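Text of input_32.cif (mmCIF, C-alpha atoms) as supplied:
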data_start
#
loop_
_atom_site.group_PDB
_atom_site.id
_atom_site.type_symbol
_atom_site.label_atom_id
_atom_site.label_comp_id
_atom_site.auth_asym_id
_atom_site.auth_seq_id
_atom_site.Cartn_x
_atom_site.Cartn_y
_atom_site.Cartn_z
ATOM 1 C CA MET A 132 37.783 81.695 93.508
ATOM 2 C CA LYS A 133 41.057 81.589 95.483
ATOM 3 C CA GLU A 134 39.127 80.870 98.683
ATOM 4 C CA ILE A 135 37.360 77.940 97.010
ATOM 5 C CA LEU A 136 40.697 76.544 95.788
ATOM 6 C CA GLY A 137 42.151 77.070 99.282
ATOM 7 C CA LEU A 138 39.265 75.130 100.835
ATOM 8 C CA ILE A 139 39.617 72.348 98.257
ATOM 9 C CA ALA A 140 43.344 72.143 99.083
ATOM 10 C CA VAL A 141 42.493 71.853 102.799
ATOM 11 C CA PHE A 142 39.902 69.168 102.001
ATOM 12 C CA ILE A 143 42.470 67.231 99.949
ATOM 13 C CA SER A 144 44.913 67.541 102.876
ATOM 14 C CA ILE A 145 42.380 65.891 105.165
ATOM 15 C CA ILE A 146 41.203 63.233 102.690
ATOM 16 C CA GLY A 147 44.754 62.525 101.498
ATOM 17 C CA ILE A 148 46.010 61.771 104.996
ATOM 18 C CA MET A 149 43.200 59.332 105.880
ATOM 19 C CA PRO A 150 44.718 56.185 104.288
ATOM 20 C CA TYR A 151 48.107 57.073 105.777
ATOM 21 C CA PHE A 152 46.529 57.704 109.158
ATOM 22 C CA LEU A 153 44.584 54.419 109.084
ATOM 23 C CA ASP A 154 47.633 52.467 107.895
ATOM 24 C CA THR A 155 49.604 53.980 110.799
ATOM 25 C CA ILE A 156 46.926 53.014 113.325
ATOM 26 C CA HIS A 157 46.746 49.465 111.935
ATOM 27 C CA LYS A 158 50.563 49.274 111.881
ATOM 28 C CA LYS A 159 50.689 48.618 108.140
ATOM 29 C CA ILE A 160 53.194 51.444 107.786
ATOM 30 C CA ARG A 161 55.684 52.903 110.229
ATOM 31 C CA PRO A 162 56.139 56.663 109.937
ATOM 32 C CA HIS A 163 59.497 58.016 110.994
ATOM 33 C CA PHE A 164 58.786 59.782 114.311
ATOM 34 C CA ILE A 165 61.503 62.425 114.197
ATOM 35 C CA SER A 166 60.682 63.300 110.553
ATOM 36 C CA TRP A 167 57.062 63.935 111.444
ATOM 37 C CA LEU A 168 58.013 65.913 114.554
ATOM 38 C CA ILE A 169 60.260 68.120 112.453
ATOM 39 C CA TRP A 170 57.603 68.448 109.739
ATOM 40 C CA SER A 171 55.110 69.567 112.397
ATOM 41 C CA ILE A 172 57.352 72.417 113.457
ATOM 42 C CA VAL A 173 58.459 73.312 109.939
ATOM 43 C CA SER A 174 54.919 73.330 108.513
ATOM 44 C CA ILE A 175 53.699 75.655 111.246
ATOM 45 C CA VAL A 176 56.679 78.002 110.688
ATOM 46 C CA ALA A 177 56.037 77.958 106.914
ATOM 47 C CA PHE A 178 52.309 78.594 107.434
ATOM 48 C CA LEU A 179 52.986 81.559 109.702
ATOM 49 C CA GLY A 180 55.486 82.949 107.186
ATOM 50 C CA GLN A 181 53.003 82.574 104.342
ATOM 51 C CA TRP A 182 50.180 84.073 106.386
ATOM 52 C CA VAL A 183 52.182 87.116 107.511
ATOM 53 C CA LYS A 184 53.311 87.791 103.925
ATOM 54 C CA GLY A 185 49.758 87.682 102.566
ATOM 55 C CA GLY A 186 49.403 84.081 101.411
ATOM 56 C CA GLY A 187 45.716 84.082 102.343
ATOM 57 C CA ALA A 188 43.716 81.066 101.198
ATOM 58 C CA GLY A 189 46.809 79.538 99.631
ATOM 59 C CA SER A 190 48.384 79.214 103.073
ATOM 60 C CA TRP A 191 45.435 77.380 104.635
ATOM 61 C CA SER A 192 46.572 73.963 103.441
ATOM 62 C CA THR A 193 50.057 74.559 104.861
ATOM 63 C CA GLY A 194 48.435 75.270 108.236
ATOM 64 C CA MET A 195 46.286 72.148 107.927
ATOM 65 C CA THR A 196 49.377 70.166 106.950
ATOM 66 C CA GLY A 197 51.027 71.351 110.174
ATOM 67 C CA LEU A 198 48.057 70.232 112.262
ATOM 68 C CA ILE A 199 47.935 66.882 110.465
ATOM 69 C CA ALA A 200 51.682 66.439 110.973
ATOM 70 C CA ILE A 201 51.191 66.937 114.720
ATOM 71 C CA ILE A 202 48.578 64.155 114.767
ATOM 72 C CA ILE A 203 50.783 61.788 112.728
ATOM 73 C CA THR A 204 53.694 62.619 115.044
ATOM 74 C CA LEU A 205 51.670 61.445 118.026
ATOM 75 C CA PHE A 206 50.807 58.178 116.291
ATOM 76 C CA ALA A 207 54.377 57.775 114.997
ATOM 77 C CA PHE A 208 55.587 57.992 118.573
ATOM 78 C CA LYS A 209 53.502 54.931 119.361
ATOM 79 C CA ASN A 210 53.528 52.961 116.078
ATOM 80 C CA GLY A 211 56.380 54.413 114.057
ATOM 81 C CA THR A 212 60.127 54.259 113.758
ATOM 82 C CA ARG A 213 61.580 55.895 116.869
ATOM 83 C CA ASN A 214 65.302 55.324 116.618
ATOM 84 C CA VAL A 215 66.810 58.802 116.931
ATOM 85 C CA THR A 216 70.339 59.415 115.707
ATOM 86 C CA LYS A 217 72.629 62.351 116.434
ATOM 87 C CA PHE A 218 71.895 63.682 112.956
ATOM 88 C CA GLU A 219 68.161 63.621 113.688
ATOM 89 C CA LYS A 220 68.713 65.487 116.946
ATOM 90 C CA LEU A 221 70.654 68.069 114.940
ATOM 91 C CA LEU A 222 67.732 68.413 112.529
ATOM 92 C CA PHE A 223 65.321 68.881 115.400
ATOM 93 C CA GLY A 224 67.600 71.617 116.708
ATOM 94 C CA GLY A 225 67.502 73.209 113.247
ATOM 95 C CA ALA A 226 63.702 73.280 113.356
ATOM 96 C CA LEU A 227 63.903 75.067 116.685
ATOM 97 C CA VAL A 228 66.421 77.516 115.176
ATOM 98 C CA ALA A 229 63.852 78.391 112.488
ATOM 99 C CA ILE A 230 61.415 79.345 115.252
ATOM 100 C CA MET A 231 64.063 81.370 117.072
ATOM 101 C CA LEU A 232 64.940 83.222 113.861
ATOM 102 C CA TRP A 233 61.299 84.144 113.478
ATOM 103 C CA ILE A 234 61.158 85.503 117.023
ATOM 104 C CA VAL A 235 64.529 87.287 117.059
ATOM 105 C CA VAL A 236 64.972 88.520 113.481
ATOM 106 C CA LYS A 237 61.260 88.868 112.750
ATOM 107 C CA ASP A 238 61.944 87.983 109.112
ATOM 108 C CA PRO A 239 59.604 85.274 107.824
ATOM 109 C CA ILE A 240 61.615 84.541 104.672
ATOM 110 C CA LEU A 241 64.727 83.650 106.644
ATOM 111 C CA SER A 242 62.677 81.392 108.919
ATOM 112 C CA VAL A 243 60.984 79.723 105.935
ATOM 113 C CA ILE A 244 64.340 79.110 104.200
ATOM 114 C CA VAL A 245 65.793 77.538 107.357
ATOM 115 C CA ALA A 246 62.566 75.537 107.725
ATOM 116 C CA ILE A 247 62.926 74.220 104.161
ATOM 117 C CA ILE A 248 66.540 73.199 104.744
ATOM 118 C CA VAL A 249 65.542 71.371 107.918
ATOM 119 C CA ASP A 250 62.466 69.871 106.221
ATOM 120 C CA ALA A 251 64.570 68.586 103.324
ATOM 121 C CA SER A 252 66.960 66.970 105.779
ATOM 122 C CA ALA A 253 64.066 65.326 107.618
ATOM 123 C CA PHE A 254 62.626 64.264 104.292
ATOM 124 C CA TYR A 255 65.914 62.531 103.567
ATOM 125 C CA LEU A 256 65.306 60.349 106.646
ATOM 126 C CA THR A 257 61.972 59.182 105.260
ATOM 127 C CA ILE A 258 63.491 58.608 101.831
ATOM 128 C CA ARG A 259 66.284 56.544 103.388
ATOM 129 C CA LYS A 260 63.761 54.495 105.367
ATOM 130 C CA THR A 261 61.561 54.020 102.291
ATOM 131 C CA ILE A 262 64.499 52.822 100.185
ATOM 132 C CA LYS A 263 65.262 50.188 102.840
ATOM 133 C CA GLU A 264 61.589 49.310 103.409
ATOM 134 C CA PRO A 265 59.488 50.349 100.365
ATOM 135 C CA THR A 266 56.250 49.104 101.952
ATOM 136 C CA SER A 267 56.758 51.188 105.104
ATOM 137 C CA GLU A 268 55.108 54.160 103.381
ATOM 138 C CA THR A 269 52.007 54.600 101.232
ATOM 139 C CA SER A 270 51.934 56.741 98.112
ATOM 140 C CA THR A 271 48.366 58.019 98.596
ATOM 141 C CA LEU A 272 49.456 60.808 100.927
ATOM 142 C CA PHE A 273 52.239 61.982 98.666
ATOM 143 C CA VAL A 274 50.072 61.968 95.525
ATOM 144 C CA ALA A 275 47.385 63.923 97.398
ATOM 145 C CA ASN A 276 50.100 66.358 98.470
ATOM 146 C CA LEU A 277 50.949 66.999 94.814
ATOM 147 C CA VAL A 278 47.362 67.926 94.016
ATOM 148 C CA ARG A 279 46.933 69.894 97.240
ATOM 149 C CA GLY A 280 50.186 71.765 96.749
ATOM 150 C CA THR A 281 49.337 72.755 93.192
ATOM 151 C CA LEU A 282 45.940 74.100 94.273
ATOM 152 C CA ALA A 283 47.517 75.902 97.226
ATOM 153 C CA ILE A 284 49.966 77.706 94.958
ATOM 154 C CA ILE A 285 47.150 78.808 92.649
ATOM 155 C CA ALA A 286 45.094 79.941 95.687
ATOM 156 C CA LEU A 287 47.811 82.205 97.104
ATOM 157 C CA GLN A 288 46.541 85.765 97.531
ATOM 158 C CA HIS A 289 49.986 87.317 97.041
ATOM 159 C CA TYR A 290 52.919 85.785 95.225
ATOM 160 C CA ASN A 291 56.295 86.495 96.758
ATOM 161 C CA ILE A 292 59.288 84.397 97.743
ATOM 162 C CA THR A 293 57.936 83.775 101.259
ATOM 163 C CA THR A 294 54.526 82.549 100.097
ATOM 164 C CA VAL A 295 55.705 80.488 97.108
ATOM 165 C CA ILE A 296 58.995 78.864 98.117
ATOM 166 C CA TYR A 297 57.624 76.334 100.629
ATOM 167 C CA PRO A 298 54.783 74.936 98.487
ATOM 168 C CA VAL A 299 57.109 74.632 95.474
ATOM 169 C CA TYR A 300 59.647 72.814 97.642
ATOM 170 C CA GLN A 301 56.861 70.482 98.829
ATOM 171 C CA LEU A 302 55.862 69.640 95.263
ATOM 172 C CA ILE A 303 59.440 68.672 94.438
ATOM 173 C CA SER A 304 59.923 66.628 97.616
ATOM 174 C CA ASN A 305 56.658 64.735 97.122
ATOM 175 C CA LEU A 306 57.635 63.875 93.552
ATOM 176 C CA ILE A 307 60.921 62.489 94.850
ATOM 177 C CA ILE A 308 59.309 60.260 97.491
ATOM 178 C CA ILE A 309 56.759 58.949 94.974
ATOM 179 C CA PHE A 310 59.603 58.031 92.620
ATOM 180 C CA VAL A 311 61.451 56.280 95.463
ATOM 181 C CA MET A 312 58.315 54.273 96.276
ATOM 182 C CA ILE A 313 57.575 53.194 92.707
ATOM 183 C CA LYS A 314 61.184 52.593 91.637
ATOM 184 C CA PRO A 315 61.449 49.121 93.269
ATOM 185 C CA ARG A 316 58.247 48.117 91.473
ATOM 186 C CA LEU A 317 59.623 49.353 88.166
ATOM 187 C CA VAL A 318 62.883 47.481 88.735
ATOM 188 C CA MET A 319 60.985 44.277 89.577
ATOM 189 C CA LYS A 320 58.843 44.580 86.410
ATOM 190 C CA HIS A 321 61.969 45.164 84.346
ATOM 191 C CA LYS A 322 63.681 42.070 85.810
ATOM 192 C CA LYS A 323 60.707 39.892 84.807
ATOM 193 C CA PHE A 324 61.191 40.671 81.121
#

Taking this structure as input, can you express it in the form of structure tokens?
Amino acid sequence: MKEILGLIAVFISIIGIMPYFLDTIHKKIRPHFISWLIWSIVSIVAFLGQWVKGGGAGSWSTGMTGLIAIIITLFAFKNGTRNVTKFEKLLFGGALVAIMLWIVVKDPILSVIVAIIVDASAFYLTIRKTIKEPTSETSTLFVANLVRGTLAIIALQHYNITTVIYPVYQLISNLIIIFVMIKPRLVMKHKKF
């Protein structure tokens, strides 16, 4: 059963990204390049941490998310927001530190925690951009991530801090970005009354 849920989570990852991917290609949205670059690195680090600690089928969608993030990063380089600040360079360095911790300390939990801190910082960049330009993102991906993340947690083979912390963090962060995207619409509806 866990393998089936893991496969469904992977399928949702792929299906959930399609509208975002197409909107990026057609320049309807502009993904933040450095955020997606950081998410590529962080997702792969989190996947490896989950896998090593026995995440099994529940870690598959994290791995797929990493691969998808790499593809979006490539398109964001061409069609996305590419202004890179000093803070963003610092975040990128933090993502590289997470990899180095993995190699040197050989402790996946430490690497995953650093990856989450870096991911949250990168997520802030997308939130900031979305607040300024609410139509620069599409909610489909983030809603799909909620469903995918929930299934991935259920599909985990072993529950421990290393396997659970990243998908729980992702659920919270996706809820936040969805709220940021719908808040301007709620405010506009409220102003009409």

**Message:** Counting all atoms listed in the file, which residue out of A:Ile148, A:Ile262, A:Ile285, A:Val176 sits closest to Val228 (chain A)?
**Reply:**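 Of A:Ile148, A:Ile262, A:Ile285, A:Val176, the one nearest Val228 (chain A) is A:Val176, counting all atoms listed in the file.
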
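The space separating CA of Lys184 (chain A) from CA of Thr281 (chain A) comes to 18.9 Å.
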
**Request:** Report the residues retrieved by the PyMOL selection byres ((chain A and resi 272) around 9) from the displayed file, expressed as JSON, numbers by chain.
**Result:** {"A": [144, 146, 147, 148, 149, 150, 151, 269, 270, 271, 273, 274, 275, 276, 277]}

**Asked** In terms of the shortest atom-to-atom distance over all atoms listed in the file, which of A:Ile247, A:Met132, A:Leu138, A:Leu221 is closest to Met195 (chain A)?
**Response** A:Leu138

Coordinates of box centre and edge lengths for region 145-150 of chain A, 3 Å on every side, axis-aligned, as AutoDock Vina command-line options:
--center_x 43.6 --center_y 61.0 --center_z 103.7 --size_x 10.8 --size_y 15.7 --size_z 10.4

**Asked** Residues picked by the PyMOL selection byres ((chain A and resi 299) around 10) here, as a PyMOL selection string?
**Response** chain A and resi 277+280-281+283-284+294-298+300-304

Restricting it to C-alpha atoms, dump the selection as a JSON list (two decimals), in the frame of the given file.
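Generated output (again21.json):
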[["chain", "number", "residue", "atom", "x", "y", "z"],
["A", 277, "LEU", "CA", 50.95, 67.00, 94.81],
["A", 280, "GLY", "CA", 50.19, 71.76, 96.75],
["A", 281, "THR", "CA", 49.34, 72.76, 93.19],
["A", 283, "ALA", "CA", 47.52, 75.90, 97.23],
["A", 284, "ILE", "CA", 49.97, 77.71, 94.96],
["A", 294, "THR", "CA", 54.53, 82.55, 100.10],
["A", 295, "VAL", "CA", 55.70, 80.49, 97.11],
["A", 296, "ILE", "CA", 59.00, 78.86, 98.12],
["A", 297, "TYR", "CA", 57.62, 76.33, 100.63],
["A", 298, "PRO", "CA", 54.78, 74.94, 98.49],
["A", 300, "TYR", "CA", 59.65, 72.81, 97.64],
["A", 301, "GLN", "CA", 56.86, 70.48, 98.83],
["A", 302, "LEU", "CA", 55.86, 69.64, 95.26],
["A", 303, "ILE", "CA", 59.44, 68.67, 94.44],
["A", 304, "SER", "CA", 59.92, 66.63, 97.62]]

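Relative to CA of Thr293 (chain A), CA of Ile240 (chain A) is found at 5.1 Å.
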
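Our summary of the geometry notes that CA of Glu134 (chain A) is positioned 29.6 Å from CA of Ala226 (chain A).
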
**Request:** Go through A:Ser174, A:Thr155, A:Ser166, A:Gln181 one by one, measure the shortest atom-to-atom distance of each to Lys220 (chain A) using all atoms listed in the file, and give the residue with the smallest value.
**Result:** A:Ser166

**Item:** Best match for closeness to Trp182 (chain A) among A:Phe223, A:Phe206, A:Phe218, A:Tyr290, counting all atoms listed in the file
**Value:** A:Tyr290

Only N, CA and C atoms needed: put region 133-170 of chain A from the block into a file as a PDB file, in the first residue's frame.
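Once written, part31.pdb looks like this:
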ATOM      1  N   LYS A 133       1.947   1.273   0.760  1.00  0.00           N
ATOM      2  CA  LYS A 133       2.820   2.452   0.821  1.00  0.00           C
ATOM      3  C   LYS A 133       3.451   2.729  -0.540  1.00  0.00           C
ATOM      4  N   GLU A 134       3.791   1.660  -1.269  1.00  0.00           N
ATOM      5  CA  GLU A 134       4.364   1.853  -2.606  1.00  0.00           C
ATOM      6  C   GLU A 134       3.353   2.494  -3.545  1.00  0.00           C
ATOM      7  N   ILE A 135       2.094   2.075  -3.442  1.00  0.00           N
ATOM      8  CA  ILE A 135       1.044   2.655  -4.289  1.00  0.00           C
ATOM      9  C   ILE A 135       0.875   4.142  -3.954  1.00  0.00           C
ATOM     10  N   LEU A 136       0.836   4.472  -2.664  1.00  0.00           N
ATOM     11  CA  LEU A 136       0.724   5.878  -2.267  1.00  0.00           C
ATOM     12  C   LEU A 136       1.948   6.672  -2.729  1.00  0.00           C
ATOM     13  N   GLY A 137       3.138   6.063  -2.638  1.00  0.00           N
ATOM     14  CA  GLY A 137       4.354   6.720  -3.112  1.00  0.00           C
ATOM     15  C   GLY A 137       4.294   7.010  -4.601  1.00  0.00           C
ATOM     16  N   LEU A 138       3.798   6.046  -5.374  1.00  0.00           N
ATOM     17  CA  LEU A 138       3.658   6.245  -6.826  1.00  0.00           C
ATOM     18  C   LEU A 138       2.613   7.312  -7.143  1.00  0.00           C
ATOM     19  N   ILE A 139       1.509   7.307  -6.394  1.00  0.00           N
ATOM     20  CA  ILE A 139       0.482   8.335  -6.600  1.00  0.00           C
ATOM     21  C   ILE A 139       1.067   9.713  -6.301  1.00  0.00           C
ATOM     22  N   ALA A 140       1.869   9.816  -5.229  1.00  0.00           N
ATOM     23  CA  ALA A 140       2.498  11.096  -4.888  1.00  0.00           C
ATOM     24  C   ALA A 140       3.437  11.553  -6.005  1.00  0.00           C
ATOM     25  N   VAL A 141       4.186  10.622  -6.591  1.00  0.00           N
ATOM     26  CA  VAL A 141       5.065  10.961  -7.718  1.00  0.00           C
ATOM     27  C   VAL A 141       4.225  11.433  -8.903  1.00  0.00           C
ATOM     28  N   PHE A 142       3.137  10.714  -9.185  1.00  0.00           N
ATOM     29  CA  PHE A 142       2.246  11.076 -10.287  1.00  0.00           C
ATOM     30  C   PHE A 142       1.676  12.483 -10.070  1.00  0.00           C
ATOM     31  N   ILE A 143       1.250  12.778  -8.857  1.00  0.00           N
ATOM     32  CA  ILE A 143       0.719  14.109  -8.547  1.00  0.00           C
ATOM     33  C   ILE A 143       1.810  15.170  -8.716  1.00  0.00           C
ATOM     34  N   SER A 144       3.059  14.816  -8.363  1.00  0.00           N
ATOM     35  CA  SER A 144       4.174  15.750  -8.568  1.00  0.00           C
ATOM     36  C   SER A 144       4.284  16.129 -10.043  1.00  0.00           C
ATOM     37  N   ILE A 145       4.193  15.131 -10.889  1.00  0.00           N
ATOM     38  CA  ILE A 145       4.340  15.355 -12.336  1.00  0.00           C
ATOM     39  C   ILE A 145       3.134  16.116 -12.888  1.00  0.00           C
ATOM     40  N   ILE A 146       1.927  15.669 -12.552  1.00  0.00           N
ATOM     41  CA  ILE A 146       0.713  16.313 -13.047  1.00  0.00           C
ATOM     42  C   ILE A 146       0.590  17.728 -12.471  1.00  0.00           C
ATOM     43  N   GLY A 147       0.928  17.888 -11.201  1.00  0.00           N
ATOM     44  CA  GLY A 147       0.801  19.185 -10.543  1.00  0.00           C
ATOM     45  C   GLY A 147       1.702  20.254 -11.122  1.00  0.00           C
ATOM     46  N   ILE A 148       2.848  19.844 -11.655  1.00  0.00           N
ATOM     47  CA  ILE A 148       3.798  20.820 -12.194  1.00  0.00           C
ATOM     48  C   ILE A 148       3.444  21.233 -13.626  1.00  0.00           C
ATOM     49  N   MET A 149       2.641  20.438 -14.326  1.00  0.00           N
ATOM     50  CA  MET A 149       2.370  20.715 -15.741  1.00  0.00           C
ATOM     51  C   MET A 149       1.815  22.113 -16.001  1.00  0.00           C
ATOM     52  N   PRO A 150       0.768  22.568 -15.297  1.00  0.00           N
ATOM     53  CA  PRO A 150       0.284  23.934 -15.560  1.00  0.00           C
ATOM     54  C   PRO A 150       1.362  24.985 -15.277  1.00  0.00           C
ATOM     55  N   TYR A 151       2.114  24.780 -14.211  1.00  0.00           N
ATOM     56  CA  TYR A 151       3.188  25.713 -13.858  1.00  0.00           C
ATOM     57  C   TYR A 151       4.250  25.727 -14.952  1.00  0.00           C
ATOM     58  N   PHE A 152       4.610  24.546 -15.394  1.00  0.00           N
ATOM     59  CA  PHE A 152       5.605  24.391 -16.451  1.00  0.00           C
ATOM     60  C   PHE A 152       5.137  25.074 -17.737  1.00  0.00           C
ATOM     61  N   LEU A 153       3.898  24.824 -18.134  1.00  0.00           N
ATOM     62  CA  LEU A 153       3.360  25.431 -19.360  1.00  0.00           C
ATOM     63  C   LEU A 153       3.242  26.953 -19.224  1.00  0.00           C
ATOM     64  N   ASP A 154       2.802  27.414 -18.046  1.00  0.00           N
ATOM     65  CA  ASP A 154       2.714  28.861 -17.831  1.00  0.00           C
ATOM     66  C   ASP A 154       4.092  29.513 -17.874  1.00  0.00           C
ATOM     67  N   THR A 155       5.119  28.787 -17.418  1.00  0.00           N
ATOM     68  CA  THR A 155       6.494  29.305 -17.489  1.00  0.00           C
ATOM     69  C   THR A 155       6.953  29.389 -18.933  1.00  0.00           C
ATOM     70  N   ILE A 156       6.705  28.348 -19.706  1.00  0.00           N
ATOM     71  CA  ILE A 156       7.095  28.329 -21.118  1.00  0.00           C
ATOM     72  C   ILE A 156       6.409  29.461 -21.889  1.00  0.00           C
ATOM     73  N   HIS A 157       5.122  29.661 -21.610  1.00  0.00           N
ATOM     74  CA  HIS A 157       4.345  30.687 -22.318  1.00  0.00           C
ATOM     75  C   HIS A 157       4.481  32.076 -21.685  1.00  0.00           C
ATOM     76  N   LYS A 158       5.370  32.175 -20.710  1.00  0.00           N
ATOM     77  CA  LYS A 158       5.686  33.442 -20.033  1.00  0.00           C
ATOM     78  C   LYS A 158       4.476  34.089 -19.362  1.00  0.00           C
ATOM     79  N   LYS A 159       3.534  33.253 -18.904  1.00  0.00           N
ATOM     80  CA  LYS A 159       2.407  33.762 -18.140  1.00  0.00           C
ATOM     81  C   LYS A 159       2.819  34.006 -16.693  1.00  0.00           C
ATOM     82  N   ILE A 160       3.764  33.226 -16.224  1.00  0.00           N
ATOM     83  CA  ILE A 160       4.318  33.411 -14.882  1.00  0.00           C
ATOM     84  C   ILE A 160       5.829  33.507 -15.004  1.00  0.00           C
ATOM     85  N   ARG A 161       6.452  34.054 -13.968  1.00  0.00           N
ATOM     86  CA  ARG A 161       7.900  34.222 -13.982  1.00  0.00           C
ATOM     87  C   ARG A 161       8.482  33.652 -12.688  1.00  0.00           C
ATOM     88  N   PRO A 162       8.905  32.383 -12.729  1.00  0.00           N
ATOM     89  CA  PRO A 162       9.481  31.791 -11.526  1.00  0.00           C
ATOM     90  C   PRO A 162      10.764  32.520 -11.126  1.00  0.00           C
ATOM     91  N   HIS A 163      11.019  32.542  -9.857  1.00  0.00           N
ATOM     92  CA  HIS A 163      12.224  33.184  -9.345  1.00  0.00           C
ATOM     93  C   HIS A 163      13.386  32.206  -9.514  1.00  0.00           C
ATOM     94  N   PHE A 164      14.329  32.540 -10.392  1.00  0.00           N
ATOM     95  CA  PHE A 164      15.418  31.631 -10.761  1.00  0.00           C
ATOM     96  C   PHE A 164      16.201  31.114  -9.559  1.00  0.00           C
ATOM     97  N   ILE A 165      16.657  32.006  -8.703  1.00  0.00           N
ATOM     98  CA  ILE A 165      17.526  31.574  -7.610  1.00  0.00           C
ATOM     99  C   ILE A 165      16.748  30.706  -6.616  1.00  0.00           C
ATOM    100  N   SER A 166      15.444  30.993  -6.418  1.00  0.00           N
ATOM    101  CA  SER A 166      14.630  30.141  -5.541  1.00  0.00           C
ATOM    102  C   SER A 166      14.590  28.718  -6.073  1.00  0.00           C
ATOM    103  N   TRP A 167      14.333  28.589  -7.369  1.00  0.00           N
ATOM    104  CA  TRP A 167      14.238  27.255  -7.952  1.00  0.00           C
ATOM    105  C   TRP A 167      15.590  26.548  -7.976  1.00  0.00           C
ATOM    106  N   LEU A 168      16.668  27.277  -8.166  1.00  0.00           N
ATOM    107  CA  LEU A 168      17.997  26.676  -8.110  1.00  0.00           C
ATOM    108  C   LEU A 168      18.259  26.126  -6.709  1.00  0.00           C
ATOM    109  N   ILE A 169      17.934  26.921  -5.717  1.00  0.00           N
ATOM    110  CA  ILE A 169      18.119  26.483  -4.331  1.00  0.00           C
ATOM    111  C   ILE A 169      17.208  25.298  -4.029  1.00  0.00           C
ATOM    112  N   TRP A 170      15.950  25.362  -4.467  1.00  0.00           N
ATOM    113  CA  TRP A 170      15.033  24.247  -4.225  1.00  0.00           C
ATOM    114  C   TRP A 170      15.512  22.971  -4.897  1.00  0.00           C
TER     115      TRP A 170
END
